[in-house]
Protein chains: 2
Amino acid sequence: MRSPVANPLAHRLEQYARLSPEDRSALDTLASGPQFRIGTRRDIILEGERPSVVRLILEGWACRYKVLPDGRRQIIALFLPGDLCDLHVYVLRQLDHSIGTLTEVRYVEITRERIDMLTTHHPRVTQALWWDALVSAAIQREWTVNLGQRDAMERMAHLLCEVFFRLRAVRMTTGNRCWIPLTQNDLSEVTGMTTVHVNRTLKELRTRGLIAWKGREFEMLDLEAMCALAMFNANYLHANHEGSHLDANAARMMLHEAEAVAREDAEQK
Amino acid sequence: MRSPVANPLAHRLEQYARLSPEDRSALDTLASGPQFRIGTRRDIILEGERPSVVRLILEGWACRYKVLPDGRRQIIALFLPGDLCDLHVYVLRQLDHSIGTLTEVRYVEITRERIDMLTTHHPRVTQALWWDALVSAAIQREWTVNLGQRDAMERMAHLLCEVFFRLRAVRMTTGNRCWIPLTQNDLSEVTGMTTVHVNRTLKELRTRGLIAWKGREFEMLDLEAMCALAMFNANYLHANHEGSHLDANAARMMLHEAEAVAREDAEQK
DNA sequence: CGTTTCCTTGACTTAACTCAAGAGGAGTGG
DNA sequence: CCACTCCTCTTGAGTTAAGTCAAGGAAACG
């Protein structure tokens, strides 16, 4: 469950577009450049700097964040393995936020030229990268809804559903279980609540039999109930581009499909 | 102050890139297509639909929003005159949110072909459109911080600062005054608080002498104090691309420049 | 000129925050 | 191997910011 996936980016992009073997090997080439390692709770790039490369997370978790003058910190986005940090941001003059690690992280730097080369020769990859960037924006919008309208319980449940689905998309779940390295303090900075209240909220989710979470081993005990509680509608993740056409019932379908896959995984084991 | 600006898009893009007369007339051509009018509190496009055109708001205010199953509504983004709705979203199969009006709105629909034509022949416009899309994403991020970390007073002040600066960028302020058509209910859906609390928060801002707001006529009585209260750092709006290089003090500089412009406007009157 | 929408205020409730203290592990060094 | 620190998690007791309910007033609207 913890073992790094060979090329999580390729896994994820395949949700969005049917990639040829050439496309896949081009993506592998991207991910095979010089790798960097950086420890837990370190900054990768700081607000005010000018970004010159795109970073691809191969292993570990990172986040985008902003800090207010008085020290309050809000995590704005989570980067899981296979996530690209800031595909297009080199257009802007300076970064308006920082990027830091939550765990030890292994990543590769991809120069702008390599991205450009990839996109000129591999239209399906380009399409998938586009899709990916738009999904990131959609996630950002959903976080706005989450912070604005949902109460503590709903908000936490929603976050956990999102993380679970995103991890599943890069094959980092086993049945209903996955590895989530977030501390309760991290969660408080994501959800905008205090660590104490995060603790109480998680306790309640546990006692209701919805989740199990010990150390970093997380388990969805009742995915359907969690989705219902969170009012989680997976349509904003825009998965399954190449699958059957999505209609108004897309979210429900995806949910059921998710459980089918989970069951398969469990049996396979 | 209320009078529509000829081409607010051109005004705004000029912040981001130096446009030639040809660029400007190309933008004017865009804005001169068939216009649509739509009343207050109407939907322009609904969640689940597939968008086929880009819309440019010429006059009036609109918003992006999502509704939870139990009816709670969160406004995710504000569209002011000169804002483009969803430049790239036609890549996705279906919209994950709705767009509706807050006032009467006049807009033009721009086909994908026309956008493509514009971008192939006008590189500076392309650059500016890119910049604009990235600024929208930056605003979305800042809203996440606003909802997650700021309390009612700070949050309201921050929103008002942002709106004020964005209106100024399309020449829709006069001195420290501008026209803001948001009802207190709209504000509650933006800030994630109840209308009652919005009312009390605005009252407090008024009694502290920071703002004046009667009907739709809004006035920043003390911009500096408002920015300080809101911990407003304008760097996320990424204005002044063509101005002097921005450095770590960019926000402060912009703030002072803003006040200089405001003073000029006031004297001019 | 009546009706609807929007704003305003008071009294009360509650979800979430603050402060504080302790427990359980993981790692470190004597 | 034990004592130590550091970090994360947990829980209780009291506080507060924001929500709820309800009603009246002002403004806009047709």
# chains A, B, ... in the order shown; residues from 1 in each chain; ligands from 1
call {"tool": "interface_residues", "arguments": {"of": "chain B", "to": "chain D", "cutoff": "12 Å", "atoms": "only C-alpha atoms (C1' of nucleotides)", "output": "count of residues only"}}
result
14
call {"tool": "residues_around", "arguments": {"residues": "Leu202 in chain B", "least_positions_apart": "5", "cutoff": "9 Å", "atoms": "only C-alpha atoms (C1' of nucleotides)", "output": "list in words"}}
result
Met153, Met156, Ala157, His197, Thr207, Ile211 and Trp213 of chain B
call {"tool": "write_last_selection", "arguments": {"atoms": "N, CA and C atoms", "output": "compact mmCIF listing (two decimals), in the first residue's frame"}}
result
# COMPACT_ATOMS: atom_id res chain seq x y z
N MET B 153 -15.31 39.61 10.28
CA MET B 153 -14.92 40.99 9.99
C MET B 153 -13.80 41.03 8.95
N MET B 156 -15.09 39.82 5.46
CA MET B 156 -15.89 40.81 4.74
C MET B 156 -14.99 41.93 4.22
N ALA B 157 -14.09 42.39 5.06
CA ALA B 157 -13.18 43.46 4.65
C ALA B 157 -12.34 43.00 3.45
N HIS B 197 -25.61 37.83 10.18
CA HIS B 197 -24.26 38.16 10.61
C HIS B 197 -23.56 39.09 9.61
N THR B 207 -19.69 51.65 11.49
CA THR B 207 -19.53 52.45 12.72
C THR B 207 -18.06 52.71 13.03
N ILE B 211 -16.05 52.11 6.06
CA ILE B 211 -16.78 52.13 4.78
C ILE B 211 -18.07 52.91 4.93
N TRP B 213 -21.90 52.62 2.88
CA TRP B 213 -22.60 51.78 1.89
C TRP B 213 -24.09 52.01 2.04
call {"tool": "interface_residues", "arguments": {"of": "chain C", "to": "chain A", "cutoff": "10 Å", "atoms": "only C-alpha atoms (C1' of nucleotides)", "output": "list in words"}}
result
DA15, DA16, DC17 and DT18 of chain C
call {"tool": "write_last_selection", "arguments": {"atoms": "N, CA and C atoms (P, O5', C5', C4', C3', O3' and C1' of nucleotides)", "output": "PDB file, in the first residue's frame"}}
result
ATOM      1  P    DA C  15     -24.916  22.430  17.557  1.00  0.00           P
ATOM      2  O5'  DA C  15     -23.775  22.637  16.473  1.00  0.00           O
ATOM      3  C5'  DA C  15     -23.895  23.695  15.530  1.00  0.00           C
ATOM      4  C4'  DA C  15     -22.535  24.352  15.337  1.00  0.00           C
ATOM      5  C3'  DA C  15     -21.372  23.390  15.218  1.00  0.00           C
ATOM      6  O3'  DA C  15     -20.576  23.849  14.142  1.00  0.00           O
ATOM      7  C1'  DA C  15     -20.982  24.894  17.023  1.00  0.00           C
ATOM      8  P    DA C  16     -19.292  23.029  13.640  1.00  0.00           P
ATOM      9  O5'  DA C  16     -18.094  23.808  14.331  1.00  0.00           O
ATOM     10  C5'  DA C  16     -17.949  25.206  14.084  1.00  0.00           C
ATOM     11  C4'  DA C  16     -16.992  25.798  15.076  1.00  0.00           C
ATOM     12  C3'  DA C  16     -15.657  25.068  15.227  1.00  0.00           C
ATOM     13  O3'  DA C  16     -14.636  25.976  14.883  1.00  0.00           O
ATOM     14  C1'  DA C  16     -16.560  25.631  17.332  1.00  0.00           C
ATOM     15  P    DC C  17     -13.094  25.777  15.186  1.00  0.00           P
ATOM     16  O5'  DC C  17     -12.852  26.651  16.501  1.00  0.00           O
ATOM     17  C5'  DC C  17     -13.196  28.035  16.477  1.00  0.00           C
ATOM     18  C4'  DC C  17     -12.716  28.701  17.756  1.00  0.00           C
ATOM     19  C3'  DC C  17     -11.253  28.432  18.089  1.00  0.00           C
ATOM     20  O3'  DC C  17     -10.624  29.649  18.455  1.00  0.00           O
ATOM     21  C1'  DC C  17     -12.628  27.789  19.898  1.00  0.00           C
ATOM     22  P    DT C  18      -9.068  29.644  18.868  1.00  0.00           P
ATOM     23  O5'  DT C  18      -9.075  29.548  20.457  1.00  0.00           O
ATOM     24  C5'  DT C  18      -9.819  30.486  21.212  1.00  0.00           C
ATOM     25  C4'  DT C  18      -9.512  30.283  22.674  1.00  0.00           C
ATOM     26  C3'  DT C  18      -8.041  30.009  22.996  1.00  0.00           C
ATOM     27  O3'  DT C  18      -7.664  30.872  24.047  1.00  0.00           O
ATOM     28  C1'  DT C  18      -9.424  28.316  23.947  1.00  0.00           C
TER      29       DT C  18
END
call {"tool": "select_by_dssp", "arguments": {"residues": "range 94-129 of chain A", "states": "strand (DSSP E)", "output": "list in words"}}
result
Ser98, Ile99, Gly100, Thr101, Val105, Arg106, Tyr107, Val108, Glu109, Ile110 and Thr111 of chain A
call {"tool": "closest_atom_pairs", "arguments": {"of": "chain B", "to": "chain A", "cutoff": "8 Å", "atoms": "only C-alpha atoms", "output": "tab-separated table"}}
result
residue	atom	partner	partner_atom	distance
B:Gly48	CA	A:Ala248	CA	6.3
B:Lys66	CA	A:Val145	CA	7.2
B:Leu68	CA	A:Met231	CA	7.0
B:Pro69	CA	A:Met231	CA	7.0
B:Arg72	CA	A:Gln149	CA	6.8
B:Arg73	CA	A:Gln149	CA	7.4
B:Gln74	CA	A:Val145	CA	5.7
B:Ile75	CA	A:Val145	CA	7.9
B:Ile76	CA	A:Arg141	CA	6.4
B:Val89	CA	A:Leu134	CA	7.4
B:Val91	CA	A:Trp131	CA	6.8
B:Leu92	CA	A:Trp131	CA	6.8
B:Arg93	CA	A:His241	CA	7.5
B:Gln94	CA	A:Leu246	CA	8.0
B:Asp96	CA	A:Tyr236	CA	5.4
B:Trp130	CA	A:Val91	CA	7.6
B:Trp131	CA	A:Leu92	CA	6.8
B:Leu134	CA	A:Val89	CA	7.4
B:Ala137	CA	A:Ala137	CA	6.9
B:Ala138	CA	A:Asp96	CA	7.5
B:Gln140	CA	A:Arg141	CA	6.9
B:Arg141	CA	A:Ile76	CA	6.4
B:Trp143	CA	A:Thr144	CA	6.8
B:Thr144	CA	A:Thr144	CA	5.3
B:Val145	CA	A:Gln74	CA	5.8
B:Leu147	CA	A:Leu147	CA	5.9
B:Gly148	CA	A:Gly192	CA	4.3
B:Gln149	CA	A:Gly192	CA	5.9
B:Val190	CA	A:Gly148	CA	7.9
B:Thr191	CA	A:Gly148	CA	6.7
B:Gly192	CA	A:Gly148	CA	4.3
B:Met193	CA	A:Gly148	CA	7.7
B:Met231	CA	A:Pro69	CA	7.0
B:Asn235	CA	A:Asp96	CA	6.4
B:Tyr236	CA	A:Asp96	CA	5.4
B:His238	CA	A:Leu92	CA	7.6
B:His241	CA	A:Arg93	CA	7.5
B:Leu246	CA	A:Arg93	CA	7.8
B:Asp247	CA	A:Gly48	CA	7.5
B:Ala248	CA	A:Gly48	CA	6.3
call {"tool": "write_last_selection", "arguments": {"atoms": "N, CA and C atoms", "output": "tab-separated table (two decimals), in the first residue's frame"}}
result
chain	number	residue	atom	x	y	z
B	48	GLY	N	-23.87	20.42	-14.98
B	48	GLY	CA	-24.23	19.23	-15.76
B	48	GLY	C	-24.30	19.49	-17.25
B	66	LYS	N	-22.34	26.82	-6.56
B	66	LYS	CA	-22.74	25.42	-6.41
B	66	LYS	C	-23.79	25.33	-5.32
B	68	LEU	N	-25.68	22.66	-2.61
B	68	LEU	CA	-25.67	21.35	-1.98
B	68	LEU	C	-27.07	20.74	-2.05
B	69	PRO	N	-27.15	19.42	-1.92
B	69	PRO	CA	-28.45	18.74	-2.02
B	69	PRO	C	-29.51	19.33	-1.09
B	72	ARG	N	-28.27	24.56	0.52
B	72	ARG	CA	-27.26	25.57	0.82
B	72	ARG	C	-26.52	25.96	-0.46
B	73	ARG	N	-26.33	27.24	-0.67
B	73	ARG	CA	-25.68	27.69	-1.89
B	73	ARG	C	-24.39	28.44	-1.56
B	74	GLN	N	-23.33	28.13	-2.27
B	74	GLN	CA	-22.08	28.86	-2.10
B	74	GLN	C	-21.72	29.54	-3.41
B	75	ILE	N	-21.50	30.83	-3.36
B	75	ILE	CA	-20.98	31.54	-4.52
B	75	ILE	C	-19.47	31.35	-4.53
B	76	ILE	N	-18.96	30.85	-5.64
B	76	ILE	CA	-17.58	30.42	-5.75
B	76	ILE	C	-16.70	31.48	-6.39
B	89	VAL	N	-13.04	25.88	-20.40
B	89	VAL	CA	-13.81	24.81	-19.79
B	89	VAL	C	-14.44	23.88	-20.81
B	91	VAL	N	-13.04	22.06	-22.64
B	91	VAL	CA	-12.27	20.82	-22.68
B	91	VAL	C	-12.99	19.72	-21.88
B	92	LEU	N	-13.65	20.13	-20.81
B	92	LEU	CA	-14.33	19.14	-19.96
B	92	LEU	C	-15.69	18.76	-20.54
B	93	ARG	N	-16.15	17.60	-20.11
B	93	ARG	CA	-17.36	17.06	-20.70
B	93	ARG	C	-18.61	17.73	-20.15
B	94	GLN	N	-18.57	18.08	-18.90
B	94	GLN	CA	-19.75	18.73	-18.32
B	94	GLN	C	-19.35	19.67	-17.19
B	96	ASP	N	-19.23	21.45	-13.69
B	96	ASP	CA	-19.45	20.97	-12.33
B	96	ASP	C	-20.04	22.05	-11.43
B	130	TRP	N	-4.09	34.33	-21.04
B	130	TRP	CA	-3.47	33.36	-20.15
B	130	TRP	C	-3.34	33.92	-18.76
B	131	TRP	N	-2.73	35.08	-18.72
B	131	TRP	CA	-2.53	35.78	-17.46
B	131	TRP	C	-3.85	35.89	-16.73
B	134	LEU	N	-5.01	32.68	-15.18
B	134	LEU	CA	-4.22	32.34	-14.00
B	134	LEU	C	-4.57	33.23	-12.82
B	137	ALA	N	-7.60	31.84	-11.19
B	137	ALA	CA	-7.25	30.71	-10.32
B	137	ALA	C	-6.66	31.22	-9.01
B	138	ALA	N	-5.87	32.28	-9.09
B	138	ALA	CA	-5.26	32.84	-7.88
B	138	ALA	C	-6.33	33.42	-6.96
B	140	GLN	N	-9.36	32.35	-6.77
B	140	GLN	CA	-10.01	31.19	-6.16
B	140	GLN	C	-9.22	30.69	-4.96
B	141	ARG	N	-7.91	30.68	-5.08
B	141	ARG	CA	-7.08	30.25	-3.96
B	141	ARG	C	-7.22	31.18	-2.78
B	143	TRP	N	-9.71	32.98	-2.02
B	143	TRP	CA	-11.02	32.77	-1.39
B	143	TRP	C	-10.97	31.59	-0.44
B	144	THR	N	-10.19	30.59	-0.80
B	144	THR	CA	-10.02	29.43	0.08
B	144	THR	C	-9.41	29.89	1.40
B	145	VAL	N	-8.38	30.72	1.31
B	145	VAL	CA	-7.76	31.25	2.53
B	145	VAL	C	-8.76	32.09	3.31
B	147	LEU	N	-12.03	31.96	3.44
B	147	LEU	CA	-13.04	31.17	4.13
B	147	LEU	C	-12.45	30.32	5.24
B	148	GLY	N	-11.21	29.90	5.02
B	148	GLY	CA	-10.62	28.98	6.00
B	148	GLY	C	-10.06	29.66	7.22
B	149	GLN	N	-9.49	30.85	7.05
B	149	GLN	CA	-8.72	31.44	8.15
B	149	GLN	C	-9.25	32.75	8.72
B	190	VAL	N	-21.39	34.43	-0.51
B	190	VAL	CA	-19.97	34.53	-0.87
B	190	VAL	C	-19.10	34.20	0.34
B	191	THR	N	-19.49	34.74	1.49
B	191	THR	CA	-18.60	34.65	2.66
B	191	THR	C	-18.90	33.46	3.55
B	192	GLY	N	-19.97	32.72	3.22
B	192	GLY	CA	-20.29	31.55	4.03
B	192	GLY	C	-20.82	31.89	5.41
B	193	MET	N	-21.38	33.09	5.60
B	193	MET	CA	-22.01	33.37	6.87
B	193	MET	C	-23.50	33.62	6.66
B	231	MET	N	-5.95	41.98	6.26
B	231	MET	CA	-4.66	41.40	5.88
B	231	MET	C	-4.64	41.18	4.37
B	235	ASN	N	-0.97	41.04	-4.04
B	235	ASN	CA	-0.10	40.35	-4.99
B	235	ASN	C	-0.82	39.26	-5.78
B	236	TYR	N	-1.86	38.67	-5.17
B	236	TYR	CA	-2.55	37.57	-5.86
B	236	TYR	C	-3.34	38.04	-7.07
B	238	HIS	N	-2.04	39.93	-9.28
B	238	HIS	CA	-1.02	39.94	-10.33
B	238	HIS	C	-1.25	41.05	-11.36
B	241	HIS	N	1.65	43.79	-14.83
B	241	HIS	CA	2.63	42.98	-15.50
B	241	HIS	C	3.63	43.84	-16.27
B	246	LEU	N	7.90	43.66	-10.18
B	246	LEU	CA	7.37	43.54	-8.83
B	246	LEU	C	8.39	42.84	-7.95
B	247	ASP	N	8.55	43.31	-6.77
B	247	ASP	CA	9.44	42.64	-5.84
B	247	ASP	C	8.69	42.29	-4.58
B	248	ALA	N	9.41	42.02	-3.52
B	248	ALA	CA	8.76	41.56	-2.29
B	248	ALA	C	7.81	42.61	-1.73
call {"tool": "closest_residue", "arguments": {"among": "B:Ile38, B:Arg24, B:Asp86, B:Phe79", "to": "Val54 in chain B", "atoms": "only C-alpha atoms"}}
result
B:Asp86
call {"tool": "residues_around", "arguments": {"residues": "Trp179 in chain A", "least_positions_apart": "4", "cutoff": "6 Å", "atoms": "only C-alpha atoms (C1' of nucleotides)", "output": "list of chain:residue names"}}
result
A:Arg216, A:Glu217, A:Phe218
call {"tool": "closest_residue", "arguments": {"among": "A:Ala169, A:Leu13, A:Leu78, A:Cys227", "to": "Leu182 in chain A", "atoms": "only C-alpha atoms"}}
result
A:Leu78
call {"tool": "atom_distance", "arguments": {"atom1": "CA of Leu187 in chain B", "atom2": "CA of Arg155 in chain B"}}
result
10.6 Å
call {"tool": "residues_around", "arguments": {"residues": "Ile180 in chain B", "least_positions_apart": "6", "cutoff": "12 Å", "atoms": "only C-alpha atoms (C1' of nucleotides)", "output": "MDAnalysis selection string"}}
result
chainID B and resid 1:2 60:61 78 80:81 102:103 159:161 163:164 166:167 172:173 186:187 212:220
call {"tool": "atom_distance", "arguments": {"atom1": "CA of Leu9 in chain B", "atom2": "CA of Ile57 in chain B"}}
result
8.5 Å
call {"tool": "residues_around", "arguments": {"residues": "Pro8 in chain A", "least_positions_apart": "2", "cutoff": "9 Å", "atoms": "only C-alpha atoms (C1' of nucleotides)", "output": "ChimeraX atom specification"}}
result
/A:4-6,10-13,57-59,81-83,169-171
call {"tool": "write_last_selection", "arguments": {"atoms": "N, CA and C atoms", "output": "CSV table (one decimal), in the first residue's frame"}}
result
chain,number,residue,atom,x,y,z
A,4,PRO,N,5.8,2.8,-3.6
A,4,PRO,CA,5.6,3.9,-4.7
A,4,PRO,C,5.2,3.2,-6.0
A,5,VAL,N,4.3,3.9,-6.7
A,5,VAL,CA,3.9,3.4,-8.0
A,5,VAL,C,4.9,3.9,-9.0
A,6,ALA,N,5.1,3.0,-10.0
A,6,ALA,CA,6.1,3.3,-11.0
A,6,ALA,C,6.0,4.7,-11.6
A,10,ALA,N,1.2,8.8,-15.2
A,10,ALA,CA,0.6,8.0,-16.3
A,10,ALA,C,-0.7,7.4,-15.9
A,11,HIS,N,-0.7,6.8,-14.7
A,11,HIS,CA,-1.9,6.2,-14.2
A,11,HIS,C,-3.1,7.2,-14.2
A,12,ARG,N,-2.8,8.4,-13.7
A,12,ARG,CA,-3.8,9.4,-13.6
A,12,ARG,C,-4.3,9.9,-14.9
A,13,LEU,N,-3.3,10.2,-15.8
A,13,LEU,CA,-3.7,10.7,-17.1
A,13,LEU,C,-4.5,9.7,-17.9
A,57,ILE,N,5.4,15.2,-8.5
A,57,ILE,CA,5.6,14.4,-7.2
A,57,ILE,C,5.5,12.9,-7.6
A,58,LEU,N,6.6,12.2,-7.3
A,58,LEU,CA,6.7,10.8,-7.5
A,58,LEU,C,6.3,10.0,-6.3
A,59,GLU,N,6.6,10.5,-5.1
A,59,GLU,CA,6.4,9.8,-3.9
A,59,GLU,C,6.3,10.8,-2.7
A,81,PRO,N,1.0,11.8,-4.9
A,81,PRO,CA,1.9,11.2,-5.9
A,81,PRO,C,1.2,11.3,-7.3
A,82,GLY,N,1.9,11.7,-8.3
A,82,GLY,CA,1.3,11.8,-9.6
A,82,GLY,C,0.8,13.2,-9.9
A,83,ASP,N,0.8,14.1,-8.9
A,83,ASP,CA,0.3,15.4,-9.1
A,83,ASP,C,1.4,16.3,-9.7
A,169,ALA,N,-7.4,6.7,-7.8
A,169,ALA,CA,-7.1,7.0,-9.2
A,169,ALA,C,-5.6,6.8,-9.6
A,170,VAL,N,-4.7,6.8,-8.6
A,170,VAL,CA,-3.3,6.5,-8.8
A,170,VAL,C,-3.0,5.2,-8.2
A,171,ARG,N,-4.0,4.3,-8.1
A,171,ARG,CA,-3.7,2.9,-7.6
A,171,ARG,C,-3.0,2.9,-6.2
call {"tool": "residues_around", "arguments": {"residues": "range 105-110 of chain B", "least_positions_apart": "3", "cutoff": "8 Å", "atoms": "only C-alpha atoms (C1' of nucleotides)", "output": "list in words"}}
result
Leu30, Ala31, Ser32, Gly33, Pro34, Gln35, Phe36, Arg37, Ile38, Gly39, Thr40, Val53, Val54, Arg55, Leu56, Ile57, Leu58, Glu59, Gly60, Trp61, Ala62, Thr101, Arg114 and Ile115 of chain B
call {"tool": "write_last_selection", "arguments": {"atoms": "C-alpha atoms", "output": "mmCIF file, in the first residue's frame"}}
result
data_model
loop_
_atom_site.group_PDB
_atom_site.id
_atom_site.type_symbol
_atom_site.label_atom_id
_atom_site.label_comp_id
_atom_site.auth_asym_id
_atom_site.auth_seq_id
_atom_site.Cartn_x
_atom_site.Cartn_y
_atom_site.Cartn_z
ATOM 1 C CA LEU B 30 -14.926 40.121 -30.083
ATOM 2 C CA ALA B 31 -17.074 42.281 -27.900
ATOM 3 C CA SER B 32 -19.151 43.517 -30.816
ATOM 4 C CA GLY B 33 -20.827 40.218 -31.625
ATOM 5 C CA PRO B 34 -24.483 39.501 -30.917
ATOM 6 C CA GLN B 35 -25.349 40.614 -27.412
ATOM 7 C CA PHE B 36 -27.609 38.915 -24.925
ATOM 8 C CA ARG B 37 -29.532 40.391 -22.040
ATOM 9 C CA ILE B 38 -30.662 38.423 -19.063
ATOM 10 C CA GLY B 39 -32.485 39.509 -15.930
ATOM 11 C CA THR B 40 -31.527 39.516 -12.270
ATOM 12 C CA VAL B 53 -19.053 29.019 -25.920
ATOM 13 C CA VAL B 54 -17.123 31.496 -23.834
ATOM 14 C CA ARG B 55 -19.107 34.383 -22.401
ATOM 15 C CA LEU B 56 -17.824 37.896 -21.880
ATOM 16 C CA ILE B 57 -19.691 40.024 -19.358
ATOM 17 C CA LEU B 58 -20.129 43.532 -20.751
ATOM 18 C CA GLU B 59 -22.398 44.957 -18.083
ATOM 19 C CA GLY B 60 -23.755 43.723 -14.765
ATOM 20 C CA TRP B 61 -22.575 41.137 -12.292
ATOM 21 C CA ALA B 62 -22.761 37.353 -12.402
ATOM 22 C CA THR B 101 -26.675 36.521 -12.684
ATOM 23 C CA ARG B 114 -13.121 33.083 -32.643
ATOM 24 C CA ILE B 115 -11.017 32.630 -29.527
#
call {"tool": "atom_distance", "arguments": {"atom1": "CA of Pro181 in chain A", "atom2": "CA of Asp222 in chain A"}}
result
20.5 Å
call {"tool": "select_by_dssp", "arguments": {"residues": "range 117-252 of chain B", "states": "helix (DSSP H, G or I)", "output": "VMD selection string"}}
result
chain B and resid 117 to 121 123 to 149 152 to 169 184 to 191 195 to 207 223 to 230 234 to 237 250 to 252
call {"tool": "decode", "arguments": {"residues": "range 41-54 of chain A", "atoms": "N, CA and C atoms", "output": "mmCIF file, in the first residue's frame"}}
result
data_model
loop_
_atom_site.group_PDB
_atom_site.id
_atom_site.type_symbol
_atom_site.label_atom_id
_atom_site.label_comp_id
_atom_site.auth_asym_id
_atom_site.auth_seq_id
_atom_site.Cartn_x
_atom_site.Cartn_y
_atom_site.Cartn_z
ATOM 1 N N ARG A 41 8.022 18.468 6.055
ATOM 2 C CA ARG A 41 7.792 19.850 6.500
ATOM 3 C C ARG A 41 8.891 20.803 6.055
ATOM 4 N N ARG A 42 9.246 20.670 4.788
ATOM 5 C CA ARG A 42 10.224 21.581 4.196
ATOM 6 C C ARG A 42 9.532 22.342 3.079
ATOM 7 N N ASP A 43 10.081 23.503 2.739
ATOM 8 C CA ASP A 43 9.510 24.258 1.629
ATOM 9 C C ASP A 43 10.191 23.884 0.318
ATOM 10 N N ILE A 44 9.380 23.720 -0.706
ATOM 11 C CA ILE A 44 9.922 23.458 -2.032
ATOM 12 C C ILE A 44 10.114 24.773 -2.779
ATOM 13 N N ILE A 45 9.128 25.638 -2.656
ATOM 14 C CA ILE A 45 9.254 26.975 -3.262
ATOM 15 C C ILE A 45 8.417 27.944 -2.445
ATOM 16 N N LEU A 46 8.903 29.176 -2.293
ATOM 17 C CA LEU A 46 8.258 30.137 -1.405
ATOM 18 C C LEU A 46 7.525 31.228 -2.165
ATOM 19 N N GLU A 47 6.490 31.736 -1.541
ATOM 20 C CA GLU A 47 5.742 32.872 -2.070
ATOM 21 C C GLU A 47 6.704 33.994 -2.441
ATOM 22 N N GLY A 48 6.498 34.572 -3.616
ATOM 23 C CA GLY A 48 7.349 35.667 -4.049
ATOM 24 C C GLY A 48 8.429 35.236 -5.021
ATOM 25 N N GLU A 49 8.777 33.956 -4.998
ATOM 26 C CA GLU A 49 9.782 33.478 -5.952
ATOM 27 C C GLU A 49 9.171 33.356 -7.344
ATOM 28 N N ARG A 50 10.055 33.255 -8.314
ATOM 29 C CA ARG A 50 9.580 33.062 -9.676
ATOM 30 C C ARG A 50 9.833 31.619 -10.083
ATOM 31 N N PRO A 51 8.770 30.865 -10.337
ATOM 32 C CA PRO A 51 8.958 29.454 -10.670
ATOM 33 C C PRO A 51 9.465 29.305 -12.106
ATOM 34 N N SER A 52 10.397 28.386 -12.301
ATOM 35 C CA SER A 52 10.946 28.208 -13.642
ATOM 36 C C SER A 52 10.744 26.783 -14.150
ATOM 37 N N VAL A 53 10.408 25.871 -13.268
ATOM 38 C CA VAL A 53 10.211 24.489 -13.689
ATOM 39 C C VAL A 53 8.889 23.972 -13.132
ATOM 40 N N VAL A 54 8.427 22.889 -13.743
ATOM 41 C CA VAL A 54 7.255 22.192 -13.239
ATOM 42 C C VAL A 54 7.764 21.018 -12.415
#
